[in-house]
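Just final-v2.txt here, compact mmCIF, C-alpha atoms:
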```
# COMPACT_ATOMS: atom_id res chain seq x y z
CA MET X 1 143.30 125.83 39.23
CA LYS X 2 143.39 129.17 37.44
CA ALA X 3 146.37 131.40 36.70
CA LEU X 4 146.56 135.05 35.68
CA VAL X 5 149.85 135.80 33.90
CA THR X 6 151.47 139.12 33.10
CA GLY X 7 154.17 139.06 30.43
CA SER X 8 152.54 136.00 28.88
CA ASN X 9 154.07 136.73 25.46
CA GLY X 10 157.58 137.15 26.84
CA THR X 11 160.50 134.73 26.91
CA VAL X 12 159.55 132.98 30.15
CA GLY X 13 155.84 133.77 29.99
CA THR X 14 155.30 131.94 26.70
CA VAL X 15 156.80 128.72 28.05
CA LEU X 16 155.05 129.05 31.42
CA CYS X 17 151.68 129.43 29.71
CA HIS X 18 152.34 126.26 27.69
CA ARG X 19 153.20 124.43 30.91
CA LEU X 20 150.06 125.72 32.65
CA ALA X 21 147.82 124.73 29.75
CA ARG X 22 149.37 121.27 29.56
CA ALA X 23 148.81 120.81 33.29
CA GLY X 24 145.12 121.66 32.87
CA TRP X 25 145.15 125.11 34.46
CA GLY X 26 142.68 127.77 33.44
CA LEU X 27 144.70 130.62 31.94
CA VAL X 28 144.09 134.36 31.73
CA ARG X 29 146.64 136.62 30.04
CA TRP X 30 146.95 140.21 31.25
CA ASP X 31 146.47 142.59 28.29
CA ARG X 32 147.85 146.02 29.20
CA SER X 33 145.84 147.66 26.43
CA GLU X 34 142.68 146.44 28.15
CA VAL X 35 143.77 146.83 31.78
CA PRO X 36 146.22 149.75 32.18
CA VAL X 37 148.98 149.23 34.72
CA ASP X 38 148.59 152.74 36.15
CA ASP X 39 144.87 152.46 36.99
CA TYR X 40 144.55 150.77 40.38
CA GLU X 41 140.75 150.53 40.39
CA ARG X 42 140.61 148.82 37.00
CA MET X 43 143.42 146.46 37.97
CA GLU X 44 141.74 145.43 41.19
CA ALA X 45 138.37 145.01 39.44
CA PHE X 46 140.01 142.83 36.79
CA VAL X 47 141.69 140.52 39.32
CA ARG X 48 138.52 140.39 41.41
CA ARG X 49 136.44 139.45 38.35
CA GLU X 50 138.84 136.75 37.14
CA ARG X 51 139.38 135.26 40.62
CA PRO X 52 142.67 133.44 39.84
CA ASP X 53 144.28 131.05 42.29
CA VAL X 54 147.73 132.41 41.37
CA LEU X 55 148.95 135.59 39.71
CA PHE X 56 152.31 135.10 38.00
CA HIS X 57 153.91 138.52 37.45
CA LEU X 58 156.54 138.10 34.73
CA ALA X 59 156.07 141.32 32.77
CA ALA X 60 158.91 143.65 31.86
CA ALA X 61 158.81 147.22 30.59
CA SER X 62 157.89 147.57 26.93
CA GLN X 63 159.32 150.23 24.62
CA PRO X 64 157.37 153.47 25.24
CA ALA X 65 156.13 155.73 22.46
CA ARG X 66 158.38 158.60 23.55
CA PRO X 67 162.14 157.93 23.81
CA ASP X 68 162.37 160.30 26.79
CA ALA X 69 159.82 158.20 28.68
CA THR X 70 161.99 155.06 28.86
CA ALA X 71 163.05 155.50 32.49
CA GLU X 72 159.53 156.46 33.56
CA GLU X 73 158.00 153.41 31.83
CA SER X 74 160.62 151.08 33.28
CA TRP X 75 160.00 152.31 36.84
CA ARG X 76 156.23 152.15 36.39
CA VAL X 77 156.29 148.54 35.19
CA ASN X 78 159.15 147.12 37.23
CA TYR X 79 158.31 148.81 40.53
CA GLU X 80 154.96 150.61 40.71
CA TRP X 81 152.86 147.98 38.93
CA THR X 82 154.55 145.24 40.92
CA SER X 83 153.80 147.05 44.17
CA GLU X 84 150.13 147.47 43.27
CA LEU X 85 149.78 143.80 42.30
CA ALA X 86 151.32 142.72 45.58
CA TRP X 87 148.70 144.75 47.47
CA ILE X 88 145.79 143.63 45.27
CA THR X 89 146.67 139.94 45.67
CA ARG X 90 147.02 140.37 49.42
CA THR X 91 143.64 142.11 49.61
CA LEU X 92 141.90 139.47 47.51
CA GLY X 93 143.69 136.42 48.92
CA VAL X 94 145.36 135.48 45.62
CA SER X 95 148.76 133.77 45.62
CA PHE X 96 151.39 136.05 44.07
CA VAL X 97 154.57 134.91 42.29
CA PHE X 98 156.89 137.71 41.20
CA THR X 99 159.91 137.00 38.99
CA SER X 100 162.99 139.03 39.84
CA THR X 101 166.55 138.69 38.55
CA VAL X 102 170.12 137.84 39.48
CA MET X 103 170.88 141.42 38.42
CA VAL X 104 169.84 142.61 41.89
CA PHE X 105 173.46 141.64 42.65
CA THR X 106 176.47 143.41 41.14
CA ASP X 107 179.92 142.00 40.46
CA ALA X 108 181.32 144.12 43.31
CA LYS X 109 180.71 141.12 45.57
CA PRO X 110 180.95 137.91 43.52
CA GLY X 111 178.77 134.94 44.42
CA PRO X 112 177.62 132.32 44.50
CA TYR X 113 174.62 133.98 46.11
CA THR X 114 172.35 132.43 48.71
CA ILE X 115 168.94 133.55 49.92
CA ALA X 116 170.76 135.35 52.73
CA SER X 117 173.00 137.34 50.34
CA ARG X 118 172.14 141.04 50.35
CA PRO X 119 171.30 142.60 46.94
CA ASP X 120 173.40 145.68 46.14
CA ALA X 121 172.27 146.99 42.73
CA GLN X 122 172.07 150.79 42.82
CA HIS X 123 171.19 151.67 39.23
CA ASP X 124 168.80 150.91 36.37
CA TYR X 125 167.05 147.55 35.97
CA GLY X 126 168.82 145.76 38.83
CA MET X 127 167.98 148.56 41.26
CA GLU X 128 164.34 148.62 40.17
CA LYS X 129 164.02 144.89 40.68
CA ARG X 130 165.79 145.06 44.05
CA ARG X 131 163.41 147.76 45.22
CA ALA X 132 160.45 145.81 43.83
CA GLU X 133 161.48 142.69 45.79
CA GLU X 134 161.53 144.71 48.99
CA ARG X 135 158.18 146.30 48.24
CA VAL X 136 156.50 143.01 47.33
CA LEU X 137 157.48 141.29 50.56
CA ASP X 138 156.43 144.35 52.55
CA GLN X 139 153.08 144.75 50.78
CA ASN X 140 152.30 141.04 50.72
CA PRO X 141 154.15 138.81 53.21
CA GLN X 142 152.51 135.77 51.59
CA ALA X 143 154.11 136.47 48.20
CA ARG X 144 156.79 134.38 46.47
CA VAL X 145 159.74 136.15 44.82
CA ALA X 146 161.75 134.07 42.33
CA ARG X 147 165.14 135.32 41.14
CA LEU X 148 166.03 134.10 37.66
CA GLY X 149 169.25 134.02 35.66
CA TRP X 150 169.86 134.09 31.90
CA GLN X 151 167.41 131.84 30.12
CA ILE X 152 168.38 129.26 27.48
CA GLY X 153 166.02 128.18 24.71
CA HIS X 154 166.13 125.37 22.18
CA ASP X 155 166.28 127.56 19.08
CA LEU X 156 168.27 130.58 17.92
CA SER X 157 165.59 133.24 18.25
CA GLY X 158 164.31 135.52 20.95
CA ASN X 159 165.64 136.99 24.14
CA GLN X 160 167.65 134.05 25.46
CA MET X 161 171.29 132.91 25.48
CA ALA X 162 171.35 130.91 22.22
CA GLY X 163 169.48 133.71 20.46
CA TRP X 164 171.93 136.28 21.82
CA LEU X 165 174.89 134.28 20.52
CA ALA X 166 173.29 133.81 17.10
CA GLN X 167 172.58 137.53 16.76
CA ARG X 168 176.24 138.37 17.34
CA GLY X 169 178.09 135.54 15.63
CA ASN X 170 181.50 136.64 16.92
CA VAL X 171 181.70 136.47 20.70
CA ARG X 172 184.41 136.96 23.28
CA ALA X 173 183.29 134.66 26.11
CA SER X 174 184.82 134.68 29.57
CA ALA X 175 186.14 131.36 30.80
CA ARG X 176 185.97 132.81 34.33
CA TRP X 177 182.34 133.97 34.38
CA ILE X 178 179.87 131.41 35.74
CA PRO X 179 176.45 132.84 34.84
CA ALA X 180 173.22 132.06 36.63
CA CYS X 181 171.16 130.34 33.92
CA SER X 182 168.64 127.62 33.18
CA PHE X 183 166.63 126.19 30.31
CA LEU X 184 163.24 127.82 29.88
CA GLU X 185 161.19 124.67 30.49
CA ASP X 186 163.00 124.07 33.78
CA THR X 187 162.41 127.67 34.83
CA ALA X 188 158.69 127.32 34.09
CA ASP X 189 158.51 124.09 36.09
CA ALA X 190 160.32 125.78 38.98
CA LEU X 191 157.82 128.66 38.97
CA LEU X 192 154.94 126.18 39.15
CA TRP X 193 156.63 124.51 42.11
CA ILE X 194 157.26 127.85 43.81
CA ALA X 195 153.59 128.80 43.40
CA GLY X 196 152.70 125.93 45.72
CA ALA X 197 155.61 126.37 48.12
CA ARG X 198 155.85 128.48 51.25
CA PRO X 199 155.92 132.28 50.84
CA GLY X 200 159.33 133.92 50.57
CA LEU X 201 162.36 134.29 48.33
CA TYR X 202 163.58 131.61 45.91
CA HIS X 203 166.48 131.14 43.50
CA VAL X 204 166.07 129.47 40.10
CA ASP X 205 169.41 128.37 38.60
CA SER X 206 170.67 125.17 36.94
CA ASN X 207 174.35 126.04 36.54
CA GLU X 208 176.51 123.67 38.53
CA GLY X 209 179.71 125.51 37.58
CA TRP X 210 180.03 125.93 33.79
CA SER X 211 181.61 129.10 32.43
CA PHE X 212 180.09 131.28 29.73
CA TYR X 213 182.80 130.03 27.37
CA ASP X 214 181.76 126.42 28.12
CA LEU X 215 178.13 127.24 27.45
CA ALA X 216 178.80 129.17 24.25
CA CYS X 217 180.88 126.33 22.82
CA ALA X 218 178.30 123.71 23.78
CA LEU X 219 175.46 125.71 22.20
CA GLN X 220 177.57 126.25 19.09
CA GLN X 221 178.05 122.49 18.84
CA ARG X 222 174.36 121.74 19.39
CA HIS X 223 173.22 124.15 16.70
CA GLU X 224 176.12 123.38 14.34
CA ALA X 225 176.67 127.12 14.17
CA SER X 226 179.57 128.95 12.58
CA TRP X 227 179.99 131.41 15.44
CA SER X 228 183.46 132.57 16.40
CA ILE X 229 183.93 131.94 20.14
CA GLU X 230 187.05 133.51 21.60
CA PRO X 231 187.87 132.73 25.26
CA THR X 232 188.83 135.58 27.58
CA TRP X 233 190.05 135.67 31.19
CA ALA X 234 189.43 139.35 31.87
CA TRP X 235 186.33 138.99 34.04
CA ALA X 236 186.06 136.49 36.90
CA TYR X 237 182.55 136.44 38.31
CA ASP X 238 180.62 133.63 39.98
CA GLN X 239 177.00 134.65 39.49
CA ARG X 240 175.29 131.43 40.57
CA LEU X 241 172.08 131.49 42.61
CA LEU X 242 172.16 128.74 45.22
CA GLU X 243 168.92 127.17 46.42
CA GLY X 244 168.53 124.18 48.73
CA ARG X 245 164.75 123.75 48.86
CA HIS X 246 164.15 122.49 45.32
CA THR X 247 166.38 120.86 42.73
CA MET X 248 166.83 122.16 39.19
CA PRO X 249 167.96 119.74 36.45
CA PRO X 250 171.70 120.38 35.92
CA LEU X 251 172.74 122.06 32.70
CA VAL X 252 174.75 119.06 31.56
CA GLU X 253 171.55 117.00 31.62
CA ARG X 254 169.87 119.41 29.19
CA LEU X 255 173.04 120.24 27.25
CA PRO X 256 175.21 117.10 27.13
CA GLU X 257 177.49 118.84 24.62
CA LEU X 258 179.09 120.43 27.68
CA ARG X 259 180.92 117.15 28.29
CA SER X 260 182.83 117.50 25.02
CA ARG X 261 183.48 121.25 25.16
CA PRO X 262 186.92 122.46 23.99
CA ARG X 263 189.37 123.45 26.70
CA ALA X 264 189.92 127.19 26.83
CA LYS X 265 193.52 128.15 26.11
CA LYS X 266 195.14 131.45 26.83
CA GLY X 267 196.59 133.05 23.75
```

Show me, as structure tokens, the structure contained in the file I just sent.
Amino acid sequence: MKALVTGSNGTVGTVLCHRLARAGWGLVRWDRSEVPVDDYERMEAFVRRERPDVLFHLAAASQPARPDATAEESWRVNYEWTSELAWITRTLGVSFVFTSTVMVFTDAKPGPYTIASRPDAQHDYGMEKRRAEERVLDQNPQARVARLGWQIGHDLSGNQMAGWLAQRGNVRASARWIPACSFLEDTADALLWIAGARPGLYHVDSNEGWSFYDLACALQQRHEASWSIEPTWAWAYDQRLLEGRHTMPPLVERLPELRSRPRAKKG
């Protein structure tokens, strides 16, 4: 089996590529400097030449050279490139897995969200991903769309929950927000499973009901960090993504420190 991966150097992409290599897959990483995302003919020729079994589209917008081009770049990557890849994979008979986000939902209608829940994001990144989901399934009915939550890594670096906490040090964490989240390795395994599953929409979430305060305290304990974690009750939001067709390892299995978390007390 051979995979073509966009966003291979990103938070999820790095771990997915390790998983693919370990499983014996052939791996091709999409280099935007070599294959521009706004040149359809070169994109199609590239995919046709590589002939992957699956194209995993994980890429996110990078920082453009001009500050005033941020919105344009974001739309091009999150929507236009995604749309073109959906059509190219349909034309060439390549399986397509597109990673979306829980941010297609807003807190106006708290979850937990099922596959039948209607996305309502009207602005910025969430709106672009919502529109991209619609376009992908219209352009390529055989595609798989996987909605992800906040990722959790095993160190304190990068664009993931533990890294975010470490960068801030002092955090006010809601004891009433239940975030969609999963450990990176479990997300990568889920994407591999989804690649072989039936076309359609999937949710990838390991949170069985832990609050952000619970998670922050457990990660603080694991890393023996000196963060200041202050519980708040100002924002009640169940963000979980429910999925009945495959089982994610529960967070407490990956983060047993959750069992000994301190009880949040109102000041």

Residues of range 157-199 of chain X that have any atom at most 10 Å from an atom of range 108-113 of chain X: could you tabulate them with the shortest-distance atom pair and the distance in Å to one decimal, using all atoms listed in the file, ordered by chain and increasing number, as a Markdown table?
```
| residue | atom | partner | partner_atom | distance |
| --- | --- | --- | --- | --- |
| X:Ile178 | CA | X:Pro112 | CA | 9.1 |
| X:Pro179 | CA | X:Pro112 | CA | 9.7 |
| X:Ala180 | CA | X:Pro112 | CA | 9.0 |
```

Please write as a list in words the list of polymer residues whose atoms come within 10 Å of (158.3, 124.0, 38.4), counting only C-alpha atoms and keeping to the coordinates of the file.
-> Leu16, Arg19, Glu185, Asp186, Thr187, Ala188, Asp189, Ala190, Leu191, Leu192, Trp193, Ile194, Ala195, Gly196, Val204, His246, Thr247 and Met248 of chain X

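A straight line drawn from CA of His123 in chain X to CA of Ser100 in chain X is 15.1 Å long.
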
For Gln221 in chain X, which residue among X:Glu257, X:Val15, X:Lys2, X:Met43 is the nearest when counting all atoms listed in the file?
-> X:Glu257

Taking all atoms listed in the file into account, which of X:Val252, X:Leu58, X:Val37, X:Leu219 comes nearest Ala166 in chain X?
-> X:Leu219

Across X:Ala162, X:Val5, X:Leu215, X:Ile115, the smallest distance to Ala175 in chain X, with all atoms listed in the file counted, is shown by X:Leu215

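Closest to Arg51 in chain X among X:Met1, X:Leu255, X:Val12, X:Leu201 is X:Met1, based on all atoms listed in the file.
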
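Considering all atoms listed in the file, the residue among X:His57, X:Arg240, X:Lys129, X:Arg90 positioned nearest to Glu44 in chain X is X:Arg90.
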
Which distance in Å separates CA of Thr106 in chain X and CA of Pro119 in chain X, to one decimal?
-> 7.8 Å

Residues within 9 Å of Val47 in chain X, only C-alpha atoms, excluding chain neighbours under 3 positions, as an MDAnalysis selection string | chainID X and resid 4 42:44 50:52 55 88:89 92 94

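Among the candidates X:His18, X:Asn78, X:Glu208, X:Phe98, the one nearest to Glu243 in chain X when counting only C-alpha atoms is X:Glu208.
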
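Atom pair CA of Trp177 in chain X / CA of Ser74 in chain X: separated by 27.7 Å.
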
For Pro256 in chain X, list every protein, DNA or RNA residue within 12 Å, evaluated using only C-alpha atoms, and leave out those in the same chain fewer than 3 positions away; present the list as an NGL selection string.
-> :X and (214-215 or 217-219 or 221-222 or 250-253 or 259-261)

Any chance you could work out the axis-aligned box around range 211-222 of chain X, listed atoms only, 4 Å on each side, giving centre and edge lengths in Å to one decimal, as AutoDock Vina command-line options?
```
--center_x 178.6 --center_y 126.5 --center_z 25.6 --size_x 16.4 --size_y 17.5 --size_z 21.6
```

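Within a radius of 9 Å around (140.6, 126.4, 33.0), the polymer residues are Met1, Lys2, Ala3, Ala21, Gly24, Trp25, Gly26, Leu27 and Val28 of chain X, counting all atoms listed in the file.
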
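Omitting Ser228 in chain X and its sequence neighbours fewer than 2 positions away, and counting all atoms listed in the file, the residues within 7 Å are Gly169, Asn170, Val171, Ser226 and Glu230 of chain X.
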